[in-house]
Structures are given as C-alpha cells and as structure tokens.
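Student: Contents of final34.csv (CSV, C-alpha atoms) are given next:
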```csv
chain,number,residue,atom,x,y,z
A,154,GLN,CA,0.0,0.0,0.0
A,155,VAL,CA,1.2,3.5,-0.9
A,156,GLN,CA,0.4,6.8,0.7
A,157,LEU,CA,1.1,10.1,-1.0
A,158,VAL,CA,0.9,13.3,1.1
A,159,GLU,CA,0.9,16.6,-0.7
A,160,SER,CA,1.5,20.1,0.7
A,161,GLY,CA,2.2,23.6,-0.5
A,162,GLY,CA,-0.9,24.7,-2.2
A,163,GLY,CA,-2.5,28.1,-1.6
A,164,LEU,CA,-3.6,31.4,-3.0
A,165,VAL,CA,-1.1,33.6,-4.9
A,166,HIS,CA,-1.3,36.6,-7.3
A,167,THR,CA,-0.5,36.4,-11.0
A,168,GLY,CA,3.2,36.2,-11.4
A,169,GLY,CA,3.8,34.7,-8.0
A,170,SER,CA,5.4,31.5,-7.0
A,171,LEU,CA,4.5,28.4,-5.0
A,172,THR,CA,6.2,25.1,-4.3
A,173,LEU,CA,4.3,21.9,-3.9
A,174,SER,CA,5.8,18.8,-2.2
A,175,CYS,CA,4.7,15.2,-2.2
A,176,ALA,CA,6.0,12.5,0.1
A,177,ALA,CA,5.5,8.9,-0.7
A,178,SER,CA,5.5,6.1,1.9
A,179,GLY,CA,4.7,2.4,2.0
A,180,SER,CA,5.6,0.0,-0.8
A,181,ILE,CA,7.8,2.1,-3.0
A,182,PHE,CA,9.8,0.3,-5.7
A,183,GLU,CA,13.3,1.5,-6.5
A,184,ILE,CA,12.3,2.2,-10.1
A,185,ASN,CA,9.2,4.4,-10.5
A,186,VAL,CA,7.9,7.6,-11.9
A,187,MET,CA,6.5,10.4,-9.8
A,188,GLY,CA,4.7,13.4,-11.1
A,189,TRP,CA,2.0,16.0,-10.9
A,190,TYR,CA,-1.3,16.3,-12.6
A,191,ARG,CA,-4.0,19.0,-12.2
A,192,GLN,CA,-7.7,19.2,-12.6
A,193,ARG,CA,-9.9,22.3,-13.1
A,194,PRO,CA,-13.6,22.1,-12.2
A,195,GLY,CA,-15.5,20.3,-14.9
A,196,GLU,CA,-12.4,19.2,-16.7
A,197,GLU,CA,-10.3,16.1,-16.9
A,198,ARG,CA,-7.1,15.6,-15.0
A,199,ASP,CA,-4.2,16.8,-17.0
A,200,PHE,CA,-0.5,16.0,-17.0
A,201,VAL,CA,1.8,18.7,-15.6
A,202,ALA,CA,5.2,17.2,-15.0
A,203,ARG,CA,6.9,13.9,-14.1
A,204,ILE,CA,10.3,12.7,-13.1
A,205,THR,CA,11.6,9.1,-13.1
A,206,SER,CA,13.8,7.6,-10.3
A,207,GLY,CA,16.6,7.9,-12.8
A,208,GLY,CA,16.1,11.6,-13.2
A,209,SER,CA,14.4,11.8,-16.6
A,210,ILE,CA,12.0,14.7,-16.7
A,211,ALA,CA,9.0,15.7,-18.8
A,212,TYR,CA,6.7,18.8,-18.7
A,213,ALA,CA,3.5,19.8,-20.3
A,214,ASP,CA,4.0,22.5,-22.9
A,215,SER,CA,1.9,24.9,-20.9
A,216,VAL,CA,4.3,24.9,-18.0
A,217,LYS,CA,7.7,24.6,-19.7
A,218,GLY,CA,10.0,27.3,-18.5
A,219,ARG,CA,7.9,28.2,-15.5
A,220,PHE,CA,7.7,25.0,-13.5
A,221,THR,CA,10.5,22.8,-12.2
A,222,ILE,CA,10.1,19.3,-10.9
A,223,SER,CA,12.7,17.7,-8.7
A,224,ARG,CA,13.0,14.7,-6.4
A,225,ASP,CA,14.9,13.1,-3.6
A,226,ASN,CA,14.9,9.3,-4.0
A,227,ALA,CA,16.1,8.6,-0.5
A,228,LYS,CA,13.1,10.5,0.9
A,229,SER,CA,10.7,9.3,-1.9
A,230,THR,CA,9.7,13.0,-2.2
A,231,ILE,CA,9.1,15.2,-5.1
A,232,TRP,CA,8.7,19.0,-5.4
A,233,LEU,CA,7.1,21.2,-8.0
A,234,GLN,CA,8.5,24.7,-8.1
A,235,MET,CA,5.9,26.9,-9.9
A,236,ASN,CA,7.0,30.4,-11.0
A,237,ASN,CA,5.3,33.1,-13.0
A,238,LEU,CA,1.9,31.6,-12.1
A,239,LYS,CA,-1.1,32.5,-14.2
A,240,PRO,CA,-4.8,32.3,-13.4
A,241,GLU,CA,-5.1,29.4,-15.8
A,242,ASP,CA,-2.8,27.4,-13.5
A,243,SER,CA,-5.5,27.4,-10.9
A,244,ALA,CA,-6.5,23.9,-10.2
A,245,VAL,CA,-6.3,21.0,-7.8
A,246,TYR,CA,-2.9,19.5,-8.1
A,247,TYR,CA,-2.5,15.8,-7.6
A,248,CYS,CA,0.7,13.8,-6.9
A,249,ASN,CA,1.0,10.6,-8.8
A,250,LEU,CA,3.2,7.5,-8.3
A,251,ASN,CA,3.5,5.0,-11.2
A,252,GLN,CA,5.4,1.8,-10.6
A,253,GLY,CA,5.4,-1.9,-11.1
A,254,VAL,CA,5.0,-4.2,-14.2
A,255,SER,CA,1.4,-3.3,-14.3
A,256,SER,CA,2.2,0.5,-14.2
A,257,HIS,CA,0.0,0.9,-11.2
A,258,ASP,CA,-1.0,4.5,-10.3
A,259,ASP,CA,-1.4,5.8,-6.9
A,260,TRP,CA,-2.7,9.3,-6.2
A,261,GLY,CA,-2.5,11.9,-3.5
A,262,GLN,CA,-5.5,13.7,-2.0
A,263,GLY,CA,-4.9,16.8,-4.0
A,264,THR,CA,-3.9,20.3,-3.1
A,265,GLN,CA,-5.6,23.5,-4.3
A,266,VAL,CA,-3.7,26.2,-6.1
A,267,THR,CA,-5.5,29.4,-6.8
A,268,VAL,CA,-3.9,32.2,-8.8
A,269,SER,CA,-5.8,35.5,-8.7
A,270,SER,CA,-5.6,38.0,-11.5
```
Reformat the file's structure so that it appears as structure tokens.
Tutor:
Amino acid sequence: QVQLVESGGGLVHTGGSLTLSCAASGSIFEINVMGWYRQRPGEERDFVARITSGGSIAYADSVKGRFTISRDNAKSTIWLQMNNLKPEDSAVYYCNLNQGVSSHDDWGQGTQVTVSS
C-alpha cells in the first residue's frame, strides 16, 4: 500500500510562485515515476510534469520554462516549483506515483492552487 501526502498549495497573485511537495511512503519500488497532474472544475485531470527515479523529466508544454520538478529518491519525495503563475494554473494539483510491471497508479488527495488576476 502506498500513501502520497501533498502540501504547499494556496492562493497567490498572478506572477507569484508556489512550491508543492509530495512525500510517498509504503511499498515504494526502486524504479518508479512520480509526477504532478492538475484538474480544473468540470475538466479532466491533465498531466503537468513527471520525473523518473533515474532523473528523466518531462513537462506539459503549458508549464515549460515556468515549473521545475525535482525529487529526492532517498526520501521518496518530489517537489514542483511553480514560478510566474497565471490564473489558468488554478486547479487542484495531484501527486502521482506510477510503478510496477502493471504500471499501477497511486494518487494523493490533491492540493488546491489558486492564482488571482
């Protein structure tokens, strides 16, 4: 069983910054992918960024150059540094852990990010 605990959401003005963190515990495999997704009201959950245990990184086009994902494998923790935030970045951000031969997904409870214009 896996638990993902997120923190760091909040309210910020346009152009501001926030850092999200996600700590994983439980049955964590050495090789895995952790990442962030976001969901706006009435919309589907969208990919934001991911980082593998080997350090490979991918970003959604909408956040490239503004968001930075990082991780500490020893702590099974990832961070998402979000700079130059825009109102369209407002959403519930979910931490994701994907691992195993079945590519099983675990999700955090979500943290709200609100960017005021």
Student: Need the shell around range 168-184 of chain A: protein/DNA/RNA residues with any atom at most 7 Å away, counting only C-alpha atoms. Skip same-chain ones fewer than 2 positions apart. Format as an MDAnalysis selection string?
Tutor: chainID A and resid 154:162 165:166 206 229:239 248 252
Student: Can you tell me how far CA of Asp225 in chain A sits from CA of Gly207 in chain A, in Å to one decimal?
Tutor: 10.7 Å
Student: What does the distance from CA of Tyr246 in chain A to CA of Ser209 in chain A come to in Å, to one decimal?
Tutor: 20.8 Å
Student: With all atoms listed in the file as the basis for distance, which of A:Thr264, A:Val245, A:Gly163, A:Trp189 is at the shortest distance from Ile222 in chain A?
Tutor: A:Trp189
Student: Here is a test: counting all atoms listed in the file, which residue of A:His257, A:Arg198, A:Met187, A:Arg219 is nearest to Ala244 in chain A?
Tutor: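 Ranked by minimum distance to Ala244 in chain A, first place goes to A:Arg198.
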Student: Could you tell me how far CA of Ser270 in chain A sits from CA of Asn249 in chain A, in Å to one decimal place?
Tutor: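 Distance between the two atoms: 28.3 Å.
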Student: Find the residues near Lys217 in chain A: any atom within 10 Å, counting all atoms listed in the file, skip ones fewer than 6 places away on the same chain, and give them as a ChimeraX atom specification.
Tutor: /A:201-202,211
Student: Counting all atoms listed in the file, which residue out of A:Ala227, A:Val216, A:Val254, A:Val186 sits closest to Glu241 in chain A?
Tutor: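 Closest residue, counting all atoms listed in the file: A:Val216.
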